[in-house]
$ cat upload-v3.cif   # mmCIF, N, CA and C atoms
data_final
loop_
_atom_site.group_PDB
_atom_site.id
_atom_site.type_symbol
_atom_site.label_atom_id
_atom_site.label_comp_id
_atom_site.auth_asym_id
_atom_site.auth_seq_id
_atom_site.Cartn_x
_atom_site.Cartn_y
_atom_site.Cartn_z
ATOM 1 N N MET A 1 123.189 -31.597 41.774
ATOM 2 C CA MET A 1 123.326 -30.614 40.747
ATOM 3 C C MET A 1 123.470 -31.289 39.385
ATOM 4 N N VAL A 2 124.295 -32.303 39.296
ATOM 5 C CA VAL A 2 124.468 -33.009 38.029
ATOM 6 C C VAL A 2 123.179 -33.716 37.631
ATOM 7 N N ARG A 3 122.545 -34.362 38.587
ATOM 8 C CA ARG A 3 121.293 -35.068 38.310
ATOM 9 C C ARG A 3 120.223 -34.114 37.800
ATOM 10 N N ARG A 4 120.293 -32.869 38.193
ATOM 11 C CA ARG A 4 119.299 -31.868 37.785
ATOM 12 C C ARG A 4 119.762 -31.040 36.585
ATOM 13 N N GLY A 5 120.649 -31.600 35.785
ATOM 14 C CA GLY A 5 121.073 -30.925 34.560
ATOM 15 C C GLY A 5 121.917 -29.688 34.782
ATOM 16 N N GLY A 6 122.656 -29.647 35.888
ATOM 17 C CA GLY A 6 123.549 -28.526 36.173
ATOM 18 C C GLY A 6 122.940 -27.439 37.031
ATOM 19 N N ASP A 7 121.705 -27.640 37.479
ATOM 20 C CA ASP A 7 121.000 -26.634 38.273
ATOM 21 C C ASP A 7 121.174 -26.900 39.764
ATOM 22 N N TRP A 8 121.448 -25.840 40.509
ATOM 23 C CA TRP A 8 121.513 -25.927 41.966
ATOM 24 C C TRP A 8 120.778 -24.737 42.551
ATOM 25 N N ASN A 9 119.708 -25.021 43.282
ATOM 26 C CA ASN A 9 118.915 -23.969 43.923
ATOM 27 C C ASN A 9 118.500 -22.884 42.928
ATOM 28 N N CYS A 10 117.981 -23.320 41.786
ATOM 29 C CA CYS A 10 117.495 -22.415 40.726
ATOM 30 C C CYS A 10 118.601 -21.583 40.086
ATOM 31 N N ASN A 11 119.833 -22.038 40.204
ATOM 32 C CA ASN A 11 120.967 -21.394 39.540
ATOM 33 C C ASN A 11 121.645 -22.404 38.627
ATOM 34 N N GLN A 12 121.811 -22.074 37.369
ATOM 35 C CA GLN A 12 122.478 -22.953 36.414
ATOM 36 C C GLN A 12 123.982 -22.801 36.608
ATOM 37 N N VAL A 13 124.598 -23.708 37.387
ATOM 38 C CA VAL A 13 126.019 -23.593 37.709
ATOM 39 C C VAL A 13 126.909 -24.324 36.713
ATOM 40 N N VAL A 14 126.352 -25.289 36.006
ATOM 41 C CA VAL A 14 127.039 -25.983 34.911
ATOM 42 C C VAL A 14 126.041 -26.035 33.758
ATOM 43 N N PRO A 15 126.464 -25.684 32.549
ATOM 44 C CA PRO A 15 125.520 -25.719 31.435
ATOM 45 C C PRO A 15 124.907 -27.114 31.242
ATOM 46 N N ALA A 16 123.589 -27.160 31.068
ATOM 47 C CA ALA A 16 122.884 -28.432 30.874
ATOM 48 C C ALA A 16 123.432 -29.187 29.677
ATOM 49 N N ASP A 17 123.829 -28.458 28.623
ATOM 50 C CA ASP A 17 124.355 -29.155 27.445
ATOM 51 C C ASP A 17 125.706 -29.806 27.740
ATOM 52 N N TRP A 18 126.464 -29.269 28.709
ATOM 53 C CA TRP A 18 127.721 -29.919 29.075
ATOM 54 C C TRP A 18 127.453 -31.233 29.808
ATOM 55 N N ILE A 19 126.463 -31.240 30.683
ATOM 56 C CA ILE A 19 126.106 -32.491 31.359
ATOM 57 C C ILE A 19 125.709 -33.528 30.309
ATOM 58 N N ALA A 20 124.853 -33.146 29.376
ATOM 59 C CA ALA A 20 124.427 -34.065 28.310
ATOM 60 C C ALA A 20 125.609 -34.530 27.479
ATOM 61 N N THR A 21 126.516 -33.629 27.154
ATOM 62 C CA THR A 21 127.702 -33.988 26.368
ATOM 63 C C THR A 21 128.599 -34.946 27.140
ATOM 64 N N SER A 22 128.754 -34.709 28.431
ATOM 65 C CA SER A 22 129.631 -35.572 29.230
ATOM 66 C C SER A 22 129.037 -36.964 29.411
ATOM 67 N N TRP A 23 127.723 -37.094 29.210
ATOM 68 C CA TRP A 23 127.041 -38.384 29.316
ATOM 69 C C TRP A 23 126.782 -39.000 27.953
ATOM 70 N N THR A 24 127.522 -38.565 26.951
ATOM 71 C CA THR A 24 127.420 -39.135 25.606
ATOM 72 C C THR A 24 128.548 -40.140 25.418
ATOM 73 N N LEU A 25 128.218 -41.296 24.875
ATOM 74 C CA LEU A 25 129.200 -42.358 24.672
ATOM 75 C C LEU A 25 130.401 -41.854 23.879
ATOM 76 N N ARG A 26 131.595 -42.085 24.424
ATOM 77 C CA ARG A 26 132.857 -41.760 23.750
ATOM 78 C C ARG A 26 133.673 -43.021 23.485
ATOM 79 N N THR A 27 133.619 -43.946 24.441
ATOM 80 C CA THR A 27 134.384 -45.192 24.330
ATOM 81 C C THR A 27 133.784 -46.193 25.315
ATOM 82 N N ARG A 28 134.424 -47.343 25.446
ATOM 83 C CA ARG A 28 134.015 -48.354 26.430
ATOM 84 C C ARG A 28 135.190 -48.699 27.321
ATOM 85 N N SER A 29 134.881 -49.015 28.558
ATOM 86 C CA SER A 29 135.913 -49.439 29.500
ATOM 87 C C SER A 29 136.346 -50.857 29.150
ATOM 88 N N PRO A 30 137.642 -51.089 28.982
ATOM 89 C CA PRO A 30 138.085 -52.455 28.691
ATOM 90 C C PRO A 30 137.904 -53.404 29.869
ATOM 91 N N SER A 31 137.796 -52.879 31.095
ATOM 92 C CA SER A 31 137.660 -53.765 32.248
ATOM 93 C C SER A 31 136.204 -54.077 32.581
ATOM 94 N N SER A 32 135.322 -53.077 32.559
ATOM 95 C CA SER A 32 133.928 -53.322 32.945
ATOM 96 C C SER A 32 133.016 -53.499 31.738
ATOM 97 N N GLY A 33 133.416 -52.984 30.593
ATOM 98 C CA GLY A 33 132.559 -53.005 29.417
ATOM 99 C C GLY A 33 131.548 -51.869 29.412
ATOM 100 N N ASP A 34 131.483 -51.106 30.524
ATOM 101 C CA ASP A 34 130.557 -49.984 30.576
ATOM 102 C C ASP A 34 130.969 -48.902 29.590
ATOM 103 N N ARG A 35 129.966 -48.189 29.124
ATOM 104 C CA ARG A 35 130.211 -47.058 28.238
ATOM 105 C C ARG A 35 130.862 -45.946 29.056
ATOM 106 N N TYR A 36 131.549 -45.046 28.354
ATOM 107 C CA TYR A 36 132.264 -43.969 29.033
ATOM 108 C C TYR A 36 132.091 -42.678 28.256
ATOM 109 N N GLY A 37 131.761 -41.607 28.980
ATOM 110 C CA GLY A 37 131.659 -40.279 28.391
ATOM 111 C C GLY A 37 132.858 -39.454 28.821
ATOM 112 N N TYR A 38 132.644 -38.194 29.140
ATOM 113 C CA TYR A 38 133.707 -37.331 29.657
ATOM 114 C C TYR A 38 133.679 -37.371 31.176
ATOM 115 N N GLY A 39 134.456 -38.257 31.770
ATOM 116 C CA GLY A 39 134.548 -38.341 33.222
ATOM 117 C C GLY A 39 133.472 -39.174 33.894
ATOM 118 N N TRP A 40 132.551 -39.710 33.128
ATOM 119 C CA TRP A 40 131.452 -40.514 33.679
ATOM 120 C C TRP A 40 131.381 -41.858 32.983
ATOM 121 N N PHE A 41 131.194 -42.914 33.764
ATOM 122 C CA PHE A 41 130.827 -44.208 33.204
ATOM 123 C C PHE A 41 129.309 -44.195 33.030
ATOM 124 N N LEU A 42 128.843 -44.795 31.975
ATOM 125 C CA LEU A 42 127.414 -44.798 31.642
ATOM 126 C C LEU A 42 126.893 -46.215 31.716
ATOM 127 N N THR A 43 125.838 -46.415 32.490
ATOM 128 C CA THR A 43 125.328 -47.767 32.717
ATOM 129 C C THR A 43 123.827 -47.711 32.970
ATOM 130 N N ARG A 44 123.291 -48.781 33.488
ATOM 131 C CA ARG A 44 121.881 -48.843 33.882
ATOM 132 C C ARG A 44 121.815 -49.335 35.319
ATOM 133 N N ILE A 45 120.971 -48.688 36.104
ATOM 134 C CA ILE A 45 120.682 -49.159 37.464
ATOM 135 C C ILE A 45 119.175 -49.178 37.618
ATOM 136 N N GLY A 46 118.696 -50.198 38.258
ATOM 137 C CA GLY A 46 117.265 -50.297 38.464
ATOM 138 C C GLY A 46 116.464 -50.226 37.178
ATOM 139 N N GLY A 47 117.087 -50.625 36.065
ATOM 140 C CA GLY A 47 116.416 -50.608 34.776
ATOM 141 C C GLY A 47 116.408 -49.251 34.084
ATOM 142 N N HIS A 48 117.122 -48.269 34.633
ATOM 143 C CA HIS A 48 117.140 -46.917 34.079
ATOM 144 C C HIS A 48 118.571 -46.474 33.785
ATOM 145 N N GLY A 49 118.711 -45.530 32.864
ATOM 146 C CA GLY A 49 120.019 -44.970 32.559
ATOM 147 C C GLY A 49 120.613 -44.274 33.770
ATOM 148 N N ALA A 50 121.913 -44.414 33.921
ATOM 149 C CA ALA A 50 122.612 -43.795 35.045
ATOM 150 C C ALA A 50 124.057 -43.517 34.647
ATOM 151 N N ALA A 51 124.690 -42.681 35.419
ATOM 152 C CA ALA A 51 126.110 -42.394 35.240
ATOM 153 C C ALA A 51 126.788 -42.526 36.594
ATOM 154 N N TYR A 52 128.065 -42.899 36.557
ATOM 155 C CA TYR A 52 128.777 -43.003 37.825
ATOM 156 C C TYR A 52 130.231 -42.595 37.669
ATOM 157 N N GLY A 53 130.764 -42.040 38.741
ATOM 158 C CA GLY A 53 132.182 -41.789 38.884
ATOM 159 C C GLY A 53 132.718 -42.825 39.847
ATOM 160 N N ARG A 54 133.916 -43.258 39.575
ATOM 161 C CA ARG A 54 134.470 -44.391 40.324
ATOM 162 C C ARG A 54 135.855 -44.054 40.853
ATOM 163 N N GLY A 55 136.083 -44.390 42.123
ATOM 164 C CA GLY A 55 137.390 -44.180 42.722
ATOM 165 C C GLY A 55 137.969 -45.494 43.227
ATOM 166 N N TYR A 56 139.209 -45.470 43.632
ATOM 167 C CA TYR A 56 139.893 -46.664 44.100
ATOM 168 C C TYR A 56 139.183 -47.244 45.314
ATOM 169 N N GLY A 57 139.123 -48.548 45.386
ATOM 170 C CA GLY A 57 138.579 -49.230 46.547
ATOM 171 C C GLY A 57 137.063 -49.262 46.597
ATOM 172 N N GLY A 58 136.407 -48.957 45.493
ATOM 173 C CA GLY A 58 134.959 -49.034 45.465
ATOM 174 C C GLY A 58 134.241 -47.765 45.871
ATOM 175 N N GLN A 59 134.910 -46.631 45.805
ATOM 176 C CA GLN A 59 134.240 -45.368 46.063
ATOM 177 C C GLN A 59 133.427 -44.991 44.828
ATOM 178 N N LEU A 60 132.162 -44.664 45.017
ATOM 179 C CA LEU A 60 131.267 -44.405 43.890
ATOM 180 C C LEU A 60 130.397 -43.187 44.123
ATOM 181 N N LEU A 61 130.085 -42.512 43.034
ATOM 182 C CA LEU A 61 129.028 -41.521 42.976
ATOM 183 C C LEU A 61 128.163 -41.938 41.806
ATOM 184 N N VAL A 62 126.918 -42.291 42.063
ATOM 185 C CA VAL A 62 125.997 -42.787 41.044
ATOM 186 C C VAL A 62 124.839 -41.808 40.928
ATOM 187 N N VAL A 63 124.524 -41.421 39.687
ATOM 188 C CA VAL A 63 123.460 -40.463 39.431
ATOM 189 C C VAL A 63 122.448 -41.110 38.489
ATOM 190 N N GLY A 64 121.210 -41.175 38.936
ATOM 191 C CA GLY A 64 120.129 -41.738 38.134
ATOM 192 C C GLY A 64 119.010 -40.719 37.972
ATOM 193 N N PRO A 65 119.097 -39.840 36.966
ATOM 194 C CA PRO A 65 118.099 -38.774 36.826
ATOM 195 C C PRO A 65 116.663 -39.274 36.685
ATOM 196 N N ASP A 66 116.432 -40.322 35.915
ATOM 197 C CA ASP A 66 115.070 -40.828 35.717
ATOM 198 C C ASP A 66 114.448 -41.323 37.022
ATOM 199 N N LEU A 67 115.298 -41.766 37.932
ATOM 200 C CA LEU A 67 114.828 -42.271 39.225
ATOM 201 C C LEU A 67 114.847 -41.193 40.305
ATOM 202 N N GLY A 68 115.449 -40.042 39.989
ATOM 203 C CA GLY A 68 115.584 -38.998 40.995
ATOM 204 C C GLY A 68 116.548 -39.380 42.100
ATOM 205 N N LEU A 69 117.558 -40.207 41.763
ATOM 206 C CA LEU A 69 118.475 -40.733 42.777
ATOM 207 C C LEU A 69 119.906 -40.252 42.573
ATOM 208 N N THR A 70 120.541 -39.972 43.683
ATOM 209 C CA THR A 70 121.986 -39.774 43.742
ATOM 210 C C THR A 70 122.463 -40.652 44.885
ATOM 211 N N MET A 71 123.380 -41.556 44.592
ATOM 212 C CA MET A 71 123.856 -42.490 45.611
ATOM 213 C C MET A 71 125.378 -42.438 45.689
ATOM 214 N N THR A 72 125.871 -42.629 46.881
ATOM 215 C CA THR A 72 127.314 -42.715 47.073
ATOM 216 C C THR A 72 127.650 -44.000 47.818
ATOM 217 N N ALA A 73 128.846 -44.466 47.590
ATOM 218 C CA ALA A 73 129.373 -45.605 48.341
ATOM 219 C C ALA A 73 130.806 -45.259 48.706
ATOM 220 N N ILE A 74 131.104 -45.328 49.981
ATOM 221 C CA ILE A 74 132.467 -45.163 50.467
ATOM 222 C C ILE A 74 132.877 -46.534 50.957
ATOM 223 N N SER A 75 133.970 -47.023 50.450
ATOM 224 C CA SER A 75 134.288 -48.411 50.679
ATOM 225 C C SER A 75 135.703 -48.572 51.193
ATOM 226 N N ASP A 76 136.279 -49.724 50.995
ATOM 227 C CA ASP A 76 137.588 -50.072 51.529
ATOM 228 C C ASP A 76 138.711 -49.495 50.664
ATOM 229 N N PRO A 77 139.433 -48.471 51.143
ATOM 230 C CA PRO A 77 140.477 -47.857 50.326
ATOM 231 C C PRO A 77 141.696 -48.750 50.107
ATOM 232 N N ASP A 78 141.788 -49.843 50.849
ATOM 233 C CA ASP A 78 142.936 -50.738 50.701
ATOM 234 C C ASP A 78 142.630 -51.957 49.840
ATOM 235 N N ARG A 79 141.427 -52.027 49.315
ATOM 236 C CA ARG A 79 141.031 -53.196 48.544
ATOM 237 C C ARG A 79 140.737 -52.788 47.097
ATOM 238 N N PRO A 80 141.517 -53.283 46.140
ATOM 239 C CA PRO A 80 141.227 -52.933 44.755
ATOM 240 C C PRO A 80 139.853 -53.461 44.356
ATOM 241 N N ALA A 81 139.084 -52.640 43.691
ATOM 242 C CA ALA A 81 137.710 -53.011 43.344
ATOM 243 C C ALA A 81 137.641 -53.378 41.859
ATOM 244 N N ARG A 82 137.999 -54.579 41.544
ATOM 245 C CA ARG A 82 137.940 -55.067 40.169
ATOM 246 C C ARG A 82 136.500 -55.128 39.687
ATOM 247 N N SER A 83 136.302 -54.918 38.392
ATOM 248 C CA SER A 83 134.954 -54.864 37.817
ATOM 249 C C SER A 83 134.161 -56.128 38.055
ATOM 250 N N ARG A 84 134.791 -57.281 38.002
ATOM 251 C CA ARG A 84 134.062 -58.527 38.120
ATOM 252 C C ARG A 84 134.086 -59.118 39.531
ATOM 253 N N GLY A 85 134.602 -58.359 40.464
ATOM 254 C CA GLY A 85 134.644 -58.838 41.842
ATOM 255 C C GLY A 85 133.909 -57.888 42.755
ATOM 256 N N TYR A 86 134.666 -57.279 43.619
ATOM 257 C CA TYR A 86 134.141 -56.390 44.644
ATOM 258 C C TYR A 86 133.295 -55.264 44.041
ATOM 259 N N PHE A 87 133.785 -54.624 42.993
ATOM 260 C CA PHE A 87 133.037 -53.540 42.359
ATOM 261 C C PHE A 87 131.707 -54.042 41.800
ATOM 262 N N GLY A 88 131.715 -55.202 41.194
ATOM 263 C CA GLY A 88 130.482 -55.792 40.693
ATOM 264 C C GLY A 88 129.476 -56.024 41.808
ATOM 265 N N ASP A 89 129.969 -56.447 42.964
ATOM 266 C CA ASP A 89 129.093 -56.628 44.126
ATOM 267 C C ASP A 89 128.484 -55.296 44.572
ATOM 268 N N LEU A 90 129.304 -54.235 44.597
ATOM 269 C CA LEU A 90 128.800 -52.920 44.978
ATOM 270 C C LEU A 90 127.730 -52.432 44.003
ATOM 271 N N MET A 91 127.963 -52.617 42.712
ATOM 272 C CA MET A 91 126.981 -52.188 41.714
ATOM 273 C C MET A 91 125.693 -52.996 41.823
ATOM 274 N N ALA A 92 125.788 -54.259 42.194
ATOM 275 C CA ALA A 92 124.583 -55.077 42.380
ATOM 276 C C ALA A 92 123.758 -54.544 43.543
ATOM 277 N N VAL A 93 124.409 -54.131 44.629
ATOM 278 C CA VAL A 93 123.700 -53.550 45.764
ATOM 279 C C VAL A 93 123.034 -52.238 45.346
ATOM 280 N N ILE A 94 123.735 -51.417 44.593
ATOM 281 C CA ILE A 94 123.178 -50.150 44.118
ATOM 282 C C ILE A 94 121.993 -50.407 43.193
ATOM 283 N N ASP A 95 122.089 -51.414 42.351
ATOM 284 C CA ASP A 95 120.982 -51.755 41.460
ATOM 285 C C ASP A 95 119.745 -52.161 42.259
ATOM 286 N N ILE A 96 119.940 -52.970 43.281
ATOM 287 C CA ILE A 96 118.812 -53.380 44.134
ATOM 288 C C ILE A 96 118.205 -52.157 44.821
ATOM 289 N N ALA A 97 119.029 -51.280 45.358
ATOM 290 C CA ALA A 97 118.529 -50.068 46.023
ATOM 291 C C ALA A 97 117.745 -49.204 45.052
ATOM 292 N N ALA A 98 118.207 -49.098 43.816
ATOM 293 C CA ALA A 98 117.515 -48.293 42.820
ATOM 294 C C ALA A 98 116.165 -48.916 42.470
ATOM 295 N N ARG A 99 116.120 -50.223 42.363
ATOM 296 C CA ARG A 99 114.841 -50.906 42.060
ATOM 297 C C ARG A 99 113.844 -50.722 43.212
ATOM 298 N N VAL A 100 114.319 -50.826 44.427
ATOM 299 C CA VAL A 100 113.438 -50.641 45.575
ATOM 300 C C VAL A 100 112.920 -49.199 45.597
ATOM 301 N N ALA A 101 113.812 -48.243 45.366
ATOM 302 C CA ALA A 101 113.418 -46.838 45.366
ATOM 303 C C ALA A 101 112.406 -46.542 44.257
ATOM 304 N N ALA A 102 112.525 -47.269 43.139
ATOM 305 C CA ALA A 102 111.606 -47.061 42.012
ATOM 306 C C ALA A 102 110.316 -47.855 42.184
ATOM 307 N N GLY A 103 110.253 -48.657 43.238
ATOM 308 C CA GLY A 103 109.067 -49.458 43.477
ATOM 309 C C GLY A 103 108.971 -50.693 42.595
ATOM 310 N N ALA A 104 110.120 -51.127 42.066
ATOM 311 C CA ALA A 104 110.130 -52.291 41.157
ATOM 312 C C ALA A 104 110.876 -53.463 41.760
ATOM 313 N N SER A 105 110.854 -53.583 43.074
ATOM 314 C CA SER A 105 111.615 -54.632 43.744
ATOM 315 C C SER A 105 111.287 -55.953 43.144
#
$ encode --input "upload-v3.cif" --output "structure tokens"
Amino acid sequence: MVRRGGDWNCNQVVPADWIATSWTLRTRSPSSGDRYGYGWFLTRIGGHGAAYGRGYGGQLLVVGPDLGLTMTAISDPDRPARSRGYFGDLMAVIDIAARVAAGAS
């Protein structure tokens, strides 16, 4: 639904302008350096713009509208996922998956 601008089954359940607003740069994360909007981190995967929500232990929801991708990762809830360690490894795997899906391996 988010990847499709708030549309679900031909019903606008969240205004498209709110999705766009929430994906507008507001600040930067001091730990990852990624841009941050309203509730979404803003980054690039597979060479395309993407947004992600992040939970403890490497839980992720990644949305790449240009690629037509929505990806999730459920990970170790007992392991802190620091930006430059475990979390960075997870994002690298997601980046590779996005490149393969886009045919740019």
$ residues_near_point --input "upload-v3.cif" --point "(135.2, -42.1, 23.1)" --cutoff "7 Å" --atoms "all atoms listed in the file" --output "number ranges by chain"
A: 25-28, 36-37
$ closest_residue --input "upload-v3.cif" --among "A:Gly47, A:Tyr38, A:Ser32, A:Leu61" --to "Ile96 of chain A" --atoms "only C-alpha atoms"
A:Gly47
$ closest_residue --input "upload-v3.cif" --among "A:Thr70, A:Ser22, A:Ser75, A:Gln59" --to "Phe41 of chain A" --atoms "all atoms listed in the file"
A:Ser22
$ resolve_selection --input "upload-v3.cif" --expression "the PyMOL selection byres (((chain A and resi 94 and name CA) around 10) and name CA)" --output "MDAnalysis selection string"
chainID A and resid 45:46 60 62 71:73 88:93 95:100
$ write_last_selection --input "upload-v3.cif" --atoms "N, CA and C atoms" --output "mmCIF file, in the frame of the given file"
data_model
loop_
_atom_site.group_PDB
_atom_site.id
_atom_site.type_symbol
_atom_site.label_atom_id
_atom_site.label_comp_id
_atom_site.auth_asym_id
_atom_site.auth_seq_id
_atom_site.Cartn_x
_atom_site.Cartn_y
_atom_site.Cartn_z
ATOM 1 N N ILE A 45 120.971 -48.688 36.104
ATOM 2 C CA ILE A 45 120.682 -49.159 37.464
ATOM 3 C C ILE A 45 119.175 -49.178 37.618
ATOM 4 N N GLY A 46 118.696 -50.198 38.258
ATOM 5 C CA GLY A 46 117.265 -50.297 38.464
ATOM 6 C C GLY A 46 116.464 -50.226 37.178
ATOM 7 N N LEU A 60 132.162 -44.664 45.017
ATOM 8 C CA LEU A 60 131.267 -44.405 43.890
ATOM 9 C C LEU A 60 130.397 -43.187 44.123
ATOM 10 N N VAL A 62 126.918 -42.291 42.063
ATOM 11 C CA VAL A 62 125.997 -42.787 41.044
ATOM 12 C C VAL A 62 124.839 -41.808 40.928
ATOM 13 N N MET A 71 123.380 -41.556 44.592
ATOM 14 C CA MET A 71 123.856 -42.490 45.611
ATOM 15 C C MET A 71 125.378 -42.438 45.689
ATOM 16 N N THR A 72 125.871 -42.629 46.881
ATOM 17 C CA THR A 72 127.314 -42.715 47.073
ATOM 18 C C THR A 72 127.650 -44.000 47.818
ATOM 19 N N ALA A 73 128.846 -44.466 47.590
ATOM 20 C CA ALA A 73 129.373 -45.605 48.341
ATOM 21 C C ALA A 73 130.806 -45.259 48.706
ATOM 22 N N GLY A 88 131.715 -55.202 41.194
ATOM 23 C CA GLY A 88 130.482 -55.792 40.693
ATOM 24 C C GLY A 88 129.476 -56.024 41.808
ATOM 25 N N ASP A 89 129.969 -56.447 42.964
ATOM 26 C CA ASP A 89 129.093 -56.628 44.126
ATOM 27 C C ASP A 89 128.484 -55.296 44.572
ATOM 28 N N LEU A 90 129.304 -54.235 44.597
ATOM 29 C CA LEU A 90 128.800 -52.920 44.978
ATOM 30 C C LEU A 90 127.730 -52.432 44.003
ATOM 31 N N MET A 91 127.963 -52.617 42.712
ATOM 32 C CA MET A 91 126.981 -52.188 41.714
ATOM 33 C C MET A 91 125.693 -52.996 41.823
ATOM 34 N N ALA A 92 125.788 -54.259 42.194
ATOM 35 C CA ALA A 92 124.583 -55.077 42.380
ATOM 36 C C ALA A 92 123.758 -54.544 43.543
ATOM 37 N N VAL A 93 124.409 -54.131 44.629
ATOM 38 C CA VAL A 93 123.700 -53.550 45.764
ATOM 39 C C VAL A 93 123.034 -52.238 45.346
ATOM 40 N N ASP A 95 122.089 -51.414 42.351
ATOM 41 C CA ASP A 95 120.982 -51.755 41.460
ATOM 42 C C ASP A 95 119.745 -52.161 42.259
ATOM 43 N N ILE A 96 119.940 -52.970 43.281
ATOM 44 C CA ILE A 96 118.812 -53.380 44.134
ATOM 45 C C ILE A 96 118.205 -52.157 44.821
ATOM 46 N N ALA A 97 119.029 -51.280 45.358
ATOM 47 C CA ALA A 97 118.529 -50.068 46.023
ATOM 48 C C ALA A 97 117.745 -49.204 45.052
ATOM 49 N N ALA A 98 118.207 -49.098 43.816
ATOM 50 C CA ALA A 98 117.515 -48.293 42.820
ATOM 51 C C ALA A 98 116.165 -48.916 42.470
ATOM 52 N N ARG A 99 116.120 -50.223 42.363
ATOM 53 C CA ARG A 99 114.841 -50.906 42.060
ATOM 54 C C ARG A 99 113.844 -50.722 43.212
ATOM 55 N N VAL A 100 114.319 -50.826 44.427
ATOM 56 C CA VAL A 100 113.438 -50.641 45.575
ATOM 57 C C VAL A 100 112.920 -49.199 45.597
#
$ atom_distance --input "upload-v3.cif" --atom1 "atom CA of Leu42 of chain A" --atom2 "atom CA of Asn9 of chain A"
25.6 Å
$ closest_residue --input "upload-v3.cif" --among "A:Pro15, A:Pro30, A:Trp40, A:Phe87" --to "Gly57 of chain A" --atoms "all atoms listed in the file"
A:Phe87
$ select_by_dssp --input "upload-v3.cif" --residues "chain A" --states "helix (DSSP H, G or I)" --output "PyMOL selection string"
chain A and resi 16-22+65-67+86-101
$ atom_distance --input "upload-v3.cif" --atom1 "atom C of Asp17 of chain A" --atom2 "atom CA of Gly58 of chain A"
27.7 Å
$ atom_distance --input "upload-v3.cif" --atom1 "atom N of Tyr56 of chain A" --atom2 "atom CA of Gly33 of chain A"
17.4 Å
$ select_by_dssp --input "upload-v3.cif" --residues "chain A" --states "strand (DSSP E)" --output "compact mmCIF listing (two decimals) with N, CA and C atoms, in the coordinates of the input"
# COMPACT_ATOMS: atom_id res chain seq x y z
N ASP A 7 121.70 -27.64 37.48
CA ASP A 7 121.00 -26.63 38.27
C ASP A 7 121.17 -26.90 39.76
N TRP A 8 121.45 -25.84 40.51
CA TRP A 8 121.51 -25.93 41.97
C TRP A 8 120.78 -24.74 42.55
N ASN A 11 119.83 -22.04 40.20
CA ASN A 11 120.97 -21.39 39.54
C ASN A 11 121.64 -22.40 38.63
N GLN A 12 121.81 -22.07 37.37
CA GLN A 12 122.48 -22.95 36.41
C GLN A 12 123.98 -22.80 36.61
N THR A 27 133.62 -43.95 24.44
CA THR A 27 134.38 -45.19 24.33
C THR A 27 133.78 -46.19 25.32
N ARG A 28 134.42 -47.34 25.45
CA ARG A 28 134.01 -48.35 26.43
C ARG A 28 135.19 -48.70 27.32
N ARG A 35 129.97 -48.19 29.12
CA ARG A 35 130.21 -47.06 28.24
C ARG A 35 130.86 -45.95 29.06
N TYR A 36 131.55 -45.05 28.35
CA TYR A 36 132.26 -43.97 29.03
C TYR A 36 132.09 -42.68 28.26
N PHE A 41 131.19 -42.91 33.76
CA PHE A 41 130.83 -44.21 33.20
C PHE A 41 129.31 -44.20 33.03
N LEU A 42 128.84 -44.80 31.98
CA LEU A 42 127.41 -44.80 31.64
C LEU A 42 126.89 -46.22 31.72
N THR A 43 125.84 -46.42 32.49
CA THR A 43 125.33 -47.77 32.72
C THR A 43 123.83 -47.71 32.97
N ARG A 44 123.29 -48.78 33.49
CA ARG A 44 121.88 -48.84 33.88
C ARG A 44 121.82 -49.34 35.32
N ILE A 45 120.97 -48.69 36.10
CA ILE A 45 120.68 -49.16 37.46
C ILE A 45 119.18 -49.18 37.62
N HIS A 48 117.12 -48.27 34.63
CA HIS A 48 117.14 -46.92 34.08
C HIS A 48 118.57 -46.47 33.78
N GLY A 49 118.71 -45.53 32.86
CA GLY A 49 120.02 -44.97 32.56
C GLY A 49 120.61 -44.27 33.77
N ALA A 50 121.91 -44.41 33.92
CA ALA A 50 122.61 -43.80 35.04
C ALA A 50 124.06 -43.52 34.65
N ALA A 51 124.69 -42.68 35.42
CA ALA A 51 126.11 -42.39 35.24
C ALA A 51 126.79 -42.53 36.59
N TYR A 52 128.06 -42.90 36.56
CA TYR A 52 128.78 -43.00 37.83
C TYR A 52 130.23 -42.60 37.67
N GLY A 53 130.76 -42.04 38.74
CA GLY A 53 132.18 -41.79 38.88
C GLY A 53 132.72 -42.82 39.85
N ARG A 54 133.92 -43.26 39.58
CA ARG A 54 134.47 -44.39 40.32
C ARG A 54 135.85 -44.05 40.85
N GLY A 55 136.08 -44.39 42.12
CA GLY A 55 137.39 -44.18 42.72
C GLY A 55 137.97 -45.49 43.23
N GLN A 59 134.91 -46.63 45.80
CA GLN A 59 134.24 -45.37 46.06
C GLN A 59 133.43 -44.99 44.83
N LEU A 60 132.16 -44.66 45.02
CA LEU A 60 131.27 -44.40 43.89
C LEU A 60 130.40 -43.19 44.12
N LEU A 61 130.08 -42.51 43.03
CA LEU A 61 129.03 -41.52 42.98
C LEU A 61 128.16 -41.94 41.81
N VAL A 62 126.92 -42.29 42.06
CA VAL A 62 126.00 -42.79 41.04
C VAL A 62 124.84 -41.81 40.93
N VAL A 63 124.52 -41.42 39.69
CA VAL A 63 123.46 -40.46 39.43
C VAL A 63 122.45 -41.11 38.49
N GLY A 64 121.21 -41.18 38.94
CA GLY A 64 120.13 -41.74 38.13
C GLY A 64 119.01 -40.72 37.97
N LEU A 69 117.56 -40.21 41.76
CA LEU A 69 118.48 -40.73 42.78
C LEU A 69 119.91 -40.25 42.57
N THR A 70 120.54 -39.97 43.68
CA THR A 70 121.99 -39.77 43.74
C THR A 70 122.46 -40.65 44.88
N MET A 71 123.38 -41.56 44.59
CA MET A 71 123.86 -42.49 45.61
C MET A 71 125.38 -42.44 45.69
N THR A 72 125.87 -42.63 46.88
CA THR A 72 127.31 -42.72 47.07
C THR A 72 127.65 -44.00 47.82
N ALA A 73 128.85 -44.47 47.59
CA ALA A 73 129.37 -45.60 48.34
C ALA A 73 130.81 -45.26 48.71
